[in-house]
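A quick write-up on the structure given underneath.
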Number of protein chains: 6
Amino acid sequence: MSIQSTNHCSVAVYPGTFDPITMGHIDIVERSLNLFNKVIIAVAVNASKTPAFTLKERVKMIEDTFKDYSRIEVHSISGLLVEFAHQQKATIVRGLRAVSDFEYEFQLALMNRKLEREVDSIFLMPSFRWIYISSSIIKDAALNGGDVSDMVPFHVNEMLMKKFPTSQNPR
Amino acid sequence: MSIQSTNHCSVAVYPGTFDPITMGHIDIVERSLNLFNKVIIAVAVNASKTPAFTLKERVKMIEDTFKDYSRIEVHSISGLLVEFAHQQKATIVRGLRAVSDFEYEFQLALMNRKLEREVDSIFLMPSFRWIYISSSIIKDAALNGGDVSDMVPFHVNEMLMKKFPTSQNPR
Amino acid sequence: MSIQSTNHCSVAVYPGTFDPITMGHIDIVERSLNLFNKVIIAVAVNASKTPAFTLKERVKMIEDTFKDYSRIEVHSISGLLVEFAHQQKATIVRGLRAVSDFEYEFQLALMNRKLEREVDSIFLMPSFRWIYISSSIIKDAALNGGDVSDMVPFHVNEMLMKKFPTSQNPR
Amino acid sequence: MSIQSTNHCSVAVYPGTFDPITMGHIDIVERSLNLFNKVIIAVAVNASKTPAFTLKERVKMIEDTFKDYSRIEVHSISGLLVEFAHQQKATIVRGLRAVSDFEYEFQLALMNRKLEREVDSIFLMPSFRWIYISSSIIKDAALNGGDVSDMVPFHVNEMLMKKFPTSQNPR
Amino acid sequence: MSIQSTNHCSVAVYPGTFDPITMGHIDIVERSLNLFNKVIIAVAVNASKTPAFTLKERVKMIEDTFKDYSRIEVHSISGLLVEFAHQQKATIVRGLRAVSDFEYEFQLALMNRKLEREVDSIFLMPSFRWIYISSSIIKDAALNGGDVSDMVPFHVNEMLMKKFPTSQNPR
Amino acid sequence: MSIQSTNHCSVAVYPGTFDPITMGHIDIVERSLNLFNKVIIAVAVNASKTPAFTLKERVKMIEDTFKDYSRIEVHSISGLLVEFAHQQKATIVRGLRAVSDFEYEFQLALMNRKLEREVDSIFLMPSFRWIYISSSIIKDAALNGGDVSDMVPFHVNEMLMKKFPTSQNPR
């Protein structure tokens, strides 16, 4: 067992589709800022399912959300996440909300370690009140006219109302 | 949203019964050393189930395991874990191996946040090869004469063989 | 804690895609009739995945199934389910069969409560013999020529055989 | 398929060990009052694990909690729950919080139906903020000096502090 | 990749506490007889929890159950199961009923492979109607006077009624 | 209870999409060869999701993998799997890796038994080192340029690199 050096805690990569960014994502980013000097939000380009917002829209919404934060960067990544994390000498951060999340995350983390030994993954839990929200459940509600204004930042809610006009109707 | 300061990454508390410490625990400690300046291993005094090893034995086995590490401390704690973590300005570190782990850890982390807002929990995944081991499954195997010498440090294996004499029998 | 009034137990809303209705769905409806004066079956219009049967076909199959029941209504709904339930002063009823059901239902119920405080959800368990069936597993079997005649009402089986001609072939 | 009569919604039995009663239990009772005319809280006598509070103490804490409710009864039961529910022509009510809850509840409900065909079980979800609490996690926290005063009624907290004197110490 | 020889399918070891044997266990044994020439039922001596029936009683109940079967043996084993299976050149057979079963079985099977490379484990699913029963849920019902006569063989039911006299009372 | 005859252990059917075949699949096939005289790999034609490789490509990759095995057959099947297994007097073999696998497999096995009483299913666990891999996670990695050469046979890796040209780029 070797004795570890201490030049750590520098960079986290927080990957996702962010379609769109939610209060739950923001919560994880803020917890990451307590553990790391820099947090890179890595927006996946080629998500398997078609996103509701374009890559450009998704990146813009995140940049607007964190425009007052100096220790956050937003990147869009098209290749292998773990490769990107390796280049940045970063630790991968993932949020955990549910048992079903967990099992997929587990498999992914094992695959990532296999592809790149030196990159590790850590898991954070969002604040209790965000545990039941996800981008897809929010989109579903918005699409059907539900009021999701306290689950996403103000400007994201605006985007959702523009994207899903039914949500503009008075309830 | 406030902008976070950067005096972080200092201390982790890694709590458990460690009855006895396994290669899986050691793996989590080493991953924690990559993220934190100091790791405090917090050995629970009043475990609900009767441990096979006394508190003193469990602490001694951990101290022997990490005697060459300068950034590790071993404490036995009898009160509220989250209170202890708060006093140490520490983040709680937990290892995740299985879905059943996950749900309990989740509930515990929520309770801890409720009791002490300022202490956060992070979850790490041990190396793939330690995912199926646990103190209890190792004790069970040792009790029945199984060879667990590569799942625990050498001196812990010695302790197990003394505690469960059947394991001394040649296989 | 306020003391509750007793004008309750009136209406249940049982939402779903019902593509097609199965013996499992019918079982849940009958259990709901033991608890509520009226049960509204709410057929979702805009299911995210393309259904095998049109909305009109799905509603028709349900109406035919319950044509002898006086306390059942069939509606197709296009907006927010919880809004509809609120207008009807109804409780949402959901069937639970499996762990994976459960987690999604849980998240959905929390979201619904968030969107509309006054609507509650209750969960019922279908009869043991229907636990392993679902619309999708039945469609899969029918598509491949499996005999599903005792898992759906007679007229639904007719519809399935018309939709998936292979199931007409003698086995 | 027979057409159901309407003399329903009368009685619910809510069984448990209630060691002690928590805000989560109270929440489930109140939701049950919205669905049933009478709710019988059935306190299990012979719990397999030794409870921290005697049967008498547990019943007393529940009676004190609901002393202003006219539609609630508290019984201690020693025989088969489903037999008791059958005598009362009642539906069994259970709270669901977690995946692990769910699987056990499922198995229990199937067993109960097997033992007594005419008694059904329904599942309710407590309010979001009580999802992470349980009698055992509360006792664990109280035992170690944690402040659980907002997770149980006032008089139950008093009982906990008497039972676990460490929790009287100032934090 | 080596080409496998064909002298297989000889022996299965089906381990458990069998406290007492149930129709679910019998079902798994019969399925095993379709796959293996001989099935050894291995009754665990040193179960961690105190069994309701002595080892002698448990073995006797199993022997009586299978007295007309020529290809079944009943052994009580005190050492390492996988060691025993290795000596018998046997495959370990386990029944799976629920998600919670599965995770524990998984961990156990991995540990067994680690301890003894040449012994493999296979998993069978009991008949649908036995999926919700287990020795412990049956004992619980019997203890409280429930009728479990169709979930265990006749002579096991007799033993249960002798052990838990309340179950002798007329219902 | 009838006494079973012994003309068993002949044939296994191992069904799947195999898009593409992985080391995990090969592991399950080899374990099946220890239990059965013949193993038929049944490649599903009409997978609900569009496969990355054509049926012809998938069958070819499997045939090339097992070209030196005399007791293996590769079939493509378009009808009901359980019907095919019945014609072959075969037992269905499935690999289990994760809790989420398990629940789906369970439901499927129950449905299969319902459709064809005489066909049984058994579950095997792949070697520990293949537990985290699946066709889809491998395709995902390959698509993004990850090196998956030790998770699939050599010729399958060649096919993946041809299919997803980004993976040809030097890392």
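By convention here, the chains of the structure tokens are called A, B, ... in the order presented, each chain's residues are numbered starting at 1, and ligands are numbered starting at 1 in the order presented.
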
Residues within 8 Å of Gly24 in chain A, only C-alpha atoms, excluding chain neighbours under 6 positions, as number ranges by chain = A: 126-127, 130-131, 133-134, 151

Hey, can you spit out that residue selection with N, CA, C and O atoms as a CSV table (one decimal), in the first residue's frame?
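Okay, part_5.csv is ready:
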```
chain,number,residue,atom,x,y,z
A,126,PRO,N,-28.8,14.7,-3.7
A,126,PRO,CA,-29.3,16.0,-3.7
A,126,PRO,C,-30.1,16.3,-2.5
A,126,PRO,O,-30.5,15.3,-1.7
A,127,SER,N,-30.4,17.5,-2.2
A,127,SER,CA,-31.3,17.9,-1.1
A,127,SER,C,-32.6,17.1,-1.2
A,127,SER,O,-33.1,16.8,-2.3
A,130,TRP,N,-35.5,17.7,-3.6
A,130,TRP,CA,-35.3,17.5,-5.1
A,130,TRP,C,-35.2,16.1,-5.5
A,130,TRP,O,-35.0,15.7,-6.6
A,131,ILE,N,-35.4,15.2,-4.5
A,131,ILE,CA,-35.2,13.8,-4.8
A,131,ILE,C,-36.2,13.2,-5.8
A,131,ILE,O,-35.8,12.3,-6.6
A,133,ILE,N,-37.6,14.8,-8.3
A,133,ILE,CA,-37.6,15.5,-9.6
A,133,ILE,C,-36.5,15.0,-10.6
A,133,ILE,O,-35.5,14.6,-10.2
A,134,SER,N,-36.8,15.0,-11.9
A,134,SER,CA,-35.9,14.7,-12.9
A,134,SER,C,-36.3,15.5,-14.1
A,134,SER,O,-37.4,16.0,-14.2
A,151,MET,N,-39.2,24.2,-9.7
A,151,MET,CA,-38.3,23.0,-9.8
A,151,MET,C,-37.1,23.3,-10.8
A,151,MET,O,-36.2,22.5,-10.9
```

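The chain E residues that come within 7 Å of chain D are Tyr132, Ala141, Asn144, Gly145, Gly146 and Asp147 of chain E, with only C-alpha atoms taken into account.
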
Dump as a PDB file, in the first residue's frame, selection limited to C-alpha atoms:
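Once written, selection-v6.pdb looks like this:
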```pdb
ATOM      1  CA  TYR E 132     -44.927 -15.630  -1.635  1.00  0.00           C
ATOM      2  CA  ALA E 141     -48.834 -17.311  10.452  1.00  0.00           C
ATOM      3  CA  ASN E 144     -50.782 -16.620  15.307  1.00  0.00           C
ATOM      4  CA  GLY E 145     -53.228 -19.387  14.530  1.00  0.00           C
ATOM      5  CA  GLY E 146     -53.282 -19.120  10.742  1.00  0.00           C
ATOM      6  CA  ASP E 147     -54.084 -22.183   8.667  1.00  0.00           C
TER       7      ASP E 147
END
```

What does the distance between CA of Ala90 in chain D and CA of Phe36 in chain C come to in Å, to one decimal place?
-> 14.3 Å

Can you work out the spacing between CA of Pro20 in chain A and CA of Leu55 in chain A in Å, to one decimal?
->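 Interatomic distance here is 10.1 Å.
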
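All residues of range 6-91 of chain A that DSSP, run on the backbone, classes as alpha helix (DSSP H) are A:Met23, A:Gly24, A:His25, A:Ile26, A:Asp27, A:Ile28, A:Val29, A:Glu30, A:Arg31, A:Ser32, A:Leu33, A:Leu55, A:Lys56, A:Glu57, A:Arg58, A:Val59, A:Lys60, A:Met61, A:Ile62, A:Glu63, A:Asp64, A:Thr65, A:Leu81, A:Val82, A:Glu83, A:Phe84, A:Ala85, A:His86, A:Gln87.
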
Name the residues in contact with Gly16 in chain B at a cut-off of 9 Å, using only C-alpha atoms, excluding same-chain residues fewer than 4 positions from it; report them as a ChimeraX atom specification.
-> /B:41-44,94

Output the selection as an mmCIF file, in the first residue's frame - N, CA and C atoms for each residue.
```
data_model
loop_
_atom_site.group_PDB
_atom_site.id
_atom_site.type_symbol
_atom_site.label_atom_id
_atom_site.label_comp_id
_atom_site.auth_asym_id
_atom_site.auth_seq_id
_atom_site.Cartn_x
_atom_site.Cartn_y
_atom_site.Cartn_z
ATOM 1 N N ILE B 41 -11.176 7.347 10.703
ATOM 2 C CA ILE B 41 -11.973 6.116 10.732
ATOM 3 C C ILE B 41 -12.676 6.075 12.083
ATOM 4 N N ALA B 42 -14.018 6.107 12.047
ATOM 5 C CA ALA B 42 -14.813 6.210 13.276
ATOM 6 C C ALA B 42 -15.449 4.860 13.585
ATOM 7 N N VAL B 43 -14.933 4.187 14.594
ATOM 8 C CA VAL B 43 -15.396 2.837 14.934
ATOM 9 C C VAL B 43 -16.564 2.948 15.920
ATOM 10 N N ALA B 44 -17.719 2.391 15.534
ATOM 11 C CA ALA B 44 -18.926 2.494 16.359
ATOM 12 C C ALA B 44 -18.812 1.629 17.606
ATOM 13 N N ARG B 94 -19.099 7.038 2.799
ATOM 14 C CA ARG B 94 -19.691 5.703 2.909
ATOM 15 C C ARG B 94 -19.389 4.909 1.643
#
```

Those of chain A in DSSP strand (DSSP E or B), formatted as a PyMOL selection string = chain A and resi 11-16+38-44+72-77+90-95+121-124
